[in-house]
Structure formats: C-alpha cells, structure tokens
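Raw coords15.pdb, PDB, C-alpha atoms:
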```pdb
ATOM      1  CA  MET A1002      -3.132   0.688 -25.175
ATOM      2  CA  LYS A1003      -2.026  -2.650 -26.572
ATOM      3  CA  THR A1004      -4.844  -2.541 -29.136
ATOM      4  CA  VAL A1005      -3.864   0.959 -30.302
ATOM      5  CA  ALA A1006      -0.256  -0.199 -30.712
ATOM      6  CA  GLU A1007      -1.334  -3.262 -32.699
ATOM      7  CA  VAL A1008      -3.533  -1.189 -35.032
ATOM      8  CA  LEU A1009      -0.614   1.206 -35.620
ATOM      9  CA  ALA A1010       1.718  -1.728 -36.328
ATOM     10  CA  LEU A1011      -0.765  -3.254 -38.786
ATOM     11  CA  THR A1012      -1.217   0.081 -40.603
ATOM     12  CA  GLY A1013       2.541   0.486 -40.848
ATOM     13  CA  ALA A1014       2.868  -3.043 -42.221
ATOM     14  CA  VAL A1015       0.247  -2.244 -44.891
ATOM     15  CA  PHE A1016       2.295   0.795 -45.952
ATOM     16  CA  ALA A1017       5.459  -1.349 -46.085
ATOM     17  CA  LEU A1018       3.642  -3.879 -48.289
ATOM     18  CA  LEU A1019       2.470  -1.076 -50.617
ATOM     19  CA  ALA A1020       6.087   0.064 -50.881
ATOM     20  CA  GLY A1021       7.168  -3.473 -51.774
ATOM     21  CA  ILE A1022       4.491  -3.772 -54.466
ATOM     22  CA  GLY A1023       5.477  -0.359 -55.852
ATOM     23  CA  VAL A1024       9.159  -1.305 -56.015
ATOM     24  CA  LEU A1025       8.228  -4.534 -57.758
ATOM     25  CA  ARG A1026       5.878  -3.033 -60.354
ATOM     26  CA  PHE A1027       7.046   0.512 -61.219
ATOM     27  CA  ARG A1028       9.028   0.970 -64.396
ATOM     28  CA  ASP A1029      12.213   2.935 -63.720
ATOM     29  CA  VAL A1030      14.601   3.679 -60.851
ATOM     30  CA  TYR A1031      13.082   7.038 -59.951
ATOM     31  CA  ALA A1032       9.510   5.738 -59.687
ATOM     32  CA  ARG A1033      10.730   2.771 -57.614
ATOM     33  CA  MET A1034      12.635   5.138 -55.332
ATOM     34  CA  HIS A1035       9.491   7.241 -54.943
ATOM     35  CA  ALA A1036       7.570   4.178 -53.724
ATOM     36  CA  ALA A1037      10.345   2.729 -51.555
ATOM     37  CA  THR A1038      11.481   5.853 -49.716
ATOM     38  CA  LYS A1039       8.223   7.526 -48.759
ATOM     39  CA  ALA A1040       6.038   4.514 -48.037
ATOM     40  CA  THR A1041       8.629   2.596 -45.991
ATOM     41  CA  THR A1042       9.453   5.722 -43.977
ATOM     42  CA  LEU A1043       5.798   6.240 -43.085
ATOM     43  CA  GLY A1044       5.361   2.520 -42.377
ATOM     44  CA  VAL A1045       8.322   2.266 -40.019
ATOM     45  CA  ALA A1046       7.219   5.504 -38.324
ATOM     46  CA  LEU A1047       3.788   4.032 -37.569
ATOM     47  CA  VAL A1048       5.302   0.753 -36.313
ATOM     48  CA  GLY A1049       7.784   2.640 -34.114
ATOM     49  CA  LEU A1050       5.001   4.795 -32.687
ATOM     50  CA  GLY A1051       3.115   1.597 -31.867
ATOM     51  CA  ALA A1052       6.201   0.159 -30.146
ATOM     52  CA  ALA A1053       6.657   3.385 -28.158
ATOM     53  CA  ILE A1054       3.024   3.174 -27.014
ATOM     54  CA  ALA A1055       3.071  -0.553 -26.202
ATOM     55  CA  LEU A1056       6.375  -0.859 -24.354
ATOM     56  CA  ASP A1057       6.844   0.076 -20.722
ATOM     57  CA  SER A1058      10.550   0.869 -21.088
ATOM     58  CA  GLY A1059      12.772   1.744 -24.028
ATOM     59  CA  ARG A1060      10.287   4.184 -25.583
ATOM     60  CA  SER A1061      13.013   6.684 -26.357
ATOM     61  CA  LYS A1062      14.995   4.007 -28.185
ATOM     62  CA  ALA A1063      12.047   3.146 -30.463
ATOM     63  CA  LEU A1064      11.488   6.834 -31.210
ATOM     64  CA  LEU A1065      15.230   7.286 -31.797
ATOM     65  CA  GLY A1066      15.126   4.636 -34.528
ATOM     66  CA  VAL A1067      12.144   6.360 -36.160
ATOM     67  CA  VAL A1068      13.751   9.817 -36.033
ATOM     68  CA  PHE A1069      16.971   8.346 -37.438
ATOM     69  CA  ILE A1070      15.149   6.843 -40.414
ATOM     70  CA  PHE A1071      13.249  10.113 -40.942
ATOM     71  CA  ILE A1072      16.569  11.957 -41.195
ATOM     72  CA  THR A1073      18.551   9.425 -43.237
ATOM     73  CA  ALA A1074      15.975   8.079 -45.735
ATOM     74  CA  PRO A1075      15.577  11.320 -47.754
ATOM     75  CA  SER A1076      19.321  11.912 -47.949
ATOM     76  CA  ALA A1077      19.991   8.301 -48.978
ATOM     77  CA  ALA A1078      17.324   8.610 -51.694
ATOM     78  CA  HIS A1079      18.922  11.864 -52.841
ATOM     79  CA  PHE A1080      22.343  10.180 -53.134
ATOM     80  CA  VAL A1081      20.957   7.203 -55.042
ATOM     81  CA  GLY A1082      18.911   9.415 -57.374
ATOM     82  CA  ARG A1083      21.885  11.641 -58.181
ATOM     83  CA  ALA A1084      24.099   8.607 -58.773
ATOM     84  CA  ALA A1085      21.489   6.957 -61.035
ATOM     85  CA  TYR A1086      21.045  10.160 -63.083
ATOM     86  CA  ARG A1087      24.771  10.704 -63.525
ATOM     87  CA  ALA A1088      25.434   7.032 -64.302
ATOM     88  CA  GLU A1089      22.676   6.267 -66.781
ATOM     89  CA  GLY A1090      20.499   9.378 -67.220
ATOM     90  CA  ILE A1091      16.729   9.111 -67.598
ATOM     91  CA  GLU A1092      14.638   7.508 -70.335
ATOM     92  CA  ILE A1093      12.849  10.438 -71.895
ATOM     93  CA  ASP A1094       9.786   8.442 -72.983
ATOM     94  CA  LEU A1095       9.105   7.495 -69.331
ATOM     95  CA  ALA A1096       9.574  11.055 -68.031
ATOM     96  CA  ALA A1097       7.492  14.075 -69.073
ATOM     97  CA  ARG A1098      10.487  16.435 -69.148
ATOM     98  CA  ASP A1099      14.130  16.553 -68.109
ATOM     99  CA  ASP A1100      14.889  19.986 -66.666
ATOM    100  CA  LEU A1101      18.215  18.894 -65.181
ATOM    101  CA  ALA A1102      19.614  18.088 -68.649
ATOM    102  CA  THR A1103      18.875  21.617 -69.969
ATOM    103  CA  MET A1104      20.349  23.119 -66.785
ATOM    104  CA  LEU A1105      23.516  21.059 -67.178
ATOM    105  CA  ASP A1106      23.729  22.058 -70.865
ATOM    106  CA  GLU A1107      23.471  25.748 -69.930
ATOM    107  CA  ARG A1108      26.178  25.340 -67.316
ATOM    108  CA  ASP A1109      28.438  23.612 -69.826
ATOM    109  CA  ALA A1110      27.781  26.440 -72.331
ATOM    110  CA  LEU A1111      28.858  28.999 -69.718
ATOM    111  CA  ASP A1112      32.161  27.220 -69.068
TER
ATOM    112  CA  MET B 625      -3.197  -8.637 -35.329
ATOM    113  CA  ILE B 626       0.539  -8.673 -34.624
ATOM    114  CA  VAL B 627       0.830 -11.912 -36.617
ATOM    115  CA  ALA B 628      -0.958 -10.275 -39.568
ATOM    116  CA  ALA B 629       1.439  -7.314 -39.415
ATOM    117  CA  THR B 630       4.414  -9.698 -39.420
ATOM    118  CA  VAL B 631       3.033 -11.591 -42.419
ATOM    119  CA  LEU B 632       2.517  -8.338 -44.366
ATOM    120  CA  LEU B 633       6.055  -7.220 -43.558
ATOM    121  CA  VAL B 634       7.475 -10.553 -44.715
ATOM    122  CA  ALA B 635       5.512 -10.255 -47.981
ATOM    123  CA  SER B 636       6.923  -6.746 -48.421
ATOM    124  CA  ALA B 637      10.450  -8.056 -47.792
ATOM    125  CA  ALA B 638       9.855 -10.747 -50.437
ATOM    126  CA  CYS B 639       8.840  -8.030 -52.955
ATOM    127  CA  PHE B 640      11.991  -6.026 -52.192
ATOM    128  CA  MET B 641      14.190  -9.109 -52.484
ATOM    129  CA  THR B 642      12.617 -10.059 -55.830
ATOM    130  CA  ARG B 643      13.410  -6.607 -57.181
ATOM    131  CA  ALA B 644      16.947  -6.824 -55.789
ATOM    132  CA  VAL B 645      17.479 -10.092 -57.686
ATOM    133  CA  LEU B 646      15.749  -8.990 -60.924
ATOM    134  CA  GLY B 647      16.658  -5.296 -60.943
ATOM    135  CA  PRO B 648      18.037  -4.321 -64.367
ATOM    136  CA  SER B 649      20.453  -1.668 -63.093
ATOM    137  CA  LEU B 650      22.651  -1.453 -60.011
ATOM    138  CA  ALA B 651      20.640   1.526 -58.702
ATOM    139  CA  ASP B 652      17.483  -0.648 -58.728
ATOM    140  CA  ARG B 653      19.211  -3.189 -56.525
ATOM    141  CA  VAL B 654      20.471  -0.517 -54.127
ATOM    142  CA  VAL B 655      16.963   0.966 -53.781
ATOM    143  CA  ALA B 656      15.486  -2.498 -53.187
ATOM    144  CA  ILE B 657      18.060  -3.442 -50.538
ATOM    145  CA  ASP B 658      17.564  -0.083 -48.786
ATOM    146  CA  GLY B 659      13.826  -0.764 -48.572
ATOM    147  CA  PHE B 660      14.582  -4.300 -47.372
ATOM    148  CA  VAL B 661      16.700  -2.963 -44.492
ATOM    149  CA  VAL B 662      13.941  -0.565 -43.438
ATOM    150  CA  THR B 663      11.500  -3.506 -43.528
ATOM    151  CA  ILE B 664      13.861  -5.461 -41.235
ATOM    152  CA  VAL B 665      13.779  -2.529 -38.780
ATOM    153  CA  ALA B 666       9.968  -2.615 -38.880
ATOM    154  CA  VAL B 667       9.979  -6.385 -38.240
ATOM    155  CA  ILE B 668      12.225  -5.908 -35.185
ATOM    156  CA  LEU B 669       9.894  -3.201 -33.830
ATOM    157  CA  VAL B 670       6.806  -5.397 -34.403
ATOM    158  CA  ASP B 671       8.527  -8.290 -32.644
ATOM    159  CA  SER B 672       9.339  -6.071 -29.666
ATOM    160  CA  ILE B 673       5.630  -5.173 -29.486
ATOM    161  CA  ARG B 674       4.763  -8.905 -29.572
ATOM    162  CA  THR B 675       7.172  -9.916 -26.812
ATOM    163  CA  GLY B 676       6.752  -6.683 -24.854
ATOM    164  CA  SER B 677      10.481  -6.444 -24.193
ATOM    165  CA  PRO B 678      12.724  -3.551 -25.287
ATOM    166  CA  TRP B 679      15.878  -5.639 -25.696
ATOM    167  CA  PHE B 680      16.029  -5.599 -29.499
ATOM    168  CA  LEU B 681      15.373  -1.867 -30.021
ATOM    169  CA  GLY B 682      19.093  -1.125 -30.011
ATOM    170  CA  VAL B 683      19.508  -3.679 -32.776
ATOM    171  CA  ALA B 684      16.847  -1.819 -34.802
ATOM    172  CA  VAL B 685      18.725   1.484 -34.469
ATOM    173  CA  VAL B 686      22.052  -0.132 -35.447
ATOM    174  CA  VAL B 687      20.500  -1.909 -38.462
ATOM    175  CA  ALA B 688      19.015   1.406 -39.648
ATOM    176  CA  PHE B 689      22.429   3.062 -39.316
ATOM    177  CA  VAL B 690      24.256   0.296 -41.185
ATOM    178  CA  GLY B 691      21.633   0.430 -43.942
ATOM    179  CA  PHE B 692      22.113   4.172 -44.396
ATOM    180  CA  VAL B 693      25.908   3.879 -44.521
ATOM    181  CA  GLY B 694      25.693   0.977 -46.992
ATOM    182  CA  THR B 695      23.251   2.797 -49.282
ATOM    183  CA  THR B 696      25.389   5.934 -49.294
ATOM    184  CA  ALA B 697      28.564   3.974 -50.040
ATOM    185  CA  ALA B 698      26.840   2.069 -52.870
ATOM    186  CA  ALA B 699      25.511   5.344 -54.332
ATOM    187  CA  ARG B 700      29.004   6.824 -54.387
ATOM    188  CA  PHE B 701      30.263   3.633 -56.012
ATOM    189  CA  ILE B 702      27.586   3.833 -58.747
ATOM    190  CA  GLU B 703      28.391   7.496 -59.347
ATOM    191  CA  ARG B 704      32.097   6.818 -59.752
ATOM    192  CA  ARG B 705      31.763   3.642 -61.812
ATOM    193  CA  GLY B 706      28.944   4.906 -64.048
ATOM    194  CA  GLY B 707      26.244   2.255 -64.290
TER
END
```

This structure in structure tokens:
Amino acid sequence: MKTVAEVLALTGAVFALLAGIGVLRFRDVYARMHAATKATTLGVALVGLGAAIALDSGRSKALLGVVFIFITAPSAAHFVGRAAYRAEGIEIDLAARDDLATMLDERDALD
Amino acid sequence: MIVAATVLLVASAACFMTRAVLGPSLADRVVAIDGFVVTIVAVILVDSIRTGSPWFLGVAVVVAFVGFVGTTAAARFIERRGG
C-alpha cells in the first residue's frame, strides 16, 4: 500500500512540475492559467489520493482537501480570467479569434 | 521515492515563484501565486505520507481555503482597478 501511495505522490509531483514549467514558459495570462489550473489540480488530486491510501487515520481530511481544490480551482480561474480580460483584453496576434469582443459589441449596439 | 516527489514539488514552486516575480501583468502574478499555494498543499500532503501522521492535513485544507479567498479577492481588485 505504501508503494502505491508513493507512486501516486510521485506522479502528482510530476504534474505539478509540468504546471510550473508551463506557467514559466507560456506567453500570455490565459495560456499560463490553462497550465496552472488544470495540471496543479490533477497533481494535488493524485497526491491526496496517495495520502488517503497511505494514512491509517485522517483519510477523510485528505480527501476533503482534494475535493475542496476541485471545487474552488475552476471558479478561481474563472474569476482571474474574467478580471484579466476586462482589465487588459487579449492580444489578438496570440489568440486565433476573440468571440467575446464581438458579443460585447453586439450587446453594446442593442443598448 | 517520497524524496523525489518533494524535490519535484520544490522545483515546481520555484517555477511559480519566478513567474510571480517576473510576471508582466498583475494577473500573471495572481495566477502564479495561486499555483504556488496549491503546490504548498501538495507538499504538506507528501510530508504527511512521509511521516505517516495525519496531523498536518487540517493545515492543508486551511491553506487551500486561504488561497482561494486570496485569489478571488485579488481578481476582484484587478477587475476594479483595471490592470
């Protein structure tokens, strides 16, 4: 059981490292958010599963932390993405298309 | 194997911290610090596997909660300030 938990922890750590490299090397906020949110969530989920397998007591607490991050990480990324778009927009030469801008223009035209 | 996992997590935390220091915009820094907090939670969980004791799991849950509240507050601040 200990070996399974250690393999899960090592896999989760590899995902966390990939997230760190992605945040360091991607070019704009949205791409960095894509790396940071998804890869760290999966990494901490694997590590928490390993902790829940390895420990004799406190399994529910380890799983509670994982479930909490699964619920909060997407909403936090949504808040940061919305704030970044409203504050500074998106560089059009890094993105293929900007559907939100046309939608906002149409809404402004309706007003 | 646990030591290797800890080393990888510390390297990941160093990447996040570098981006938080460099980051051109405020949103970059917020994203980097959010990832850093999640990495801290993972380090606490790995350490509880290493020692075999559940005493720090509550700390992991509280750190995750504080990170979420901080990220949300910073996002609202960016939205209101504009940049």

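Relative to CA of Val667 (chain B), CA of Thr1004 (chain A) is found at 17.8 Å.
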
Give me the residues within 8 Å of region 1032-1037 of chain A as a list in words, counting only C-alpha atoms and dropping any in the same chain fewer than 6 places off.
Leu1019, Ala1020, Gly1021, Gly1023, Val1024, Leu1025, Ala1078 and Gly1082 of chain A; Asp652, Val655, Ala656 and Gly659 of chain B

Have a look at A:Asp1029, A:Glu1107, A:Glu1007, A:Asp1112 and name the one nearest to Ala651 (chain B); count all atoms listed in the file.
A:Asp1029

Starting from the shown file, work through the PyMOL selection byres ((chain B) within 6 of (chain A)) and note down what comes out as a list of chain:residue names.
B:Ala629, B:Leu632, B:Leu633, B:Ser636, B:Cys639, B:Phe640, B:Arg643, B:Ala651, B:Asp652, B:Gly659, B:Ala666, B:Ile673, B:Gly676, B:Pro678, B:Val685, B:Thr696, B:Ala699, B:Ile702, B:Glu703, B:Gly706, B:Gly707

Around the point (14.0, -3.8, -31.4) in the file's coordinates, collect all residues with an atom within 8 Å, using only C-alpha atoms, and return them as a PyMOL selection string.
(chain A and resi 1063) or (chain B and resi 665+668-672+678-685)

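One finds CA of Ala697 (chain B) at 26.7 Å from CA of Met1104 (chain A).
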
Expected axis-aligned box over every listed atom of region 1050-1065 of chain A, 8 Å added per side, centre plus edges in Å to one decimal, as JSON:
```
{"center_x": 9.1, "center_y": 3.2, "center_z": -26.7, "size_x": 28.2, "size_y": 24.1, "size_z": 28.0}
```

In Å to one decimal, how far is CA of Ile1072 (chain A) from CA of Ile1091 (chain A)?
26.6 Å
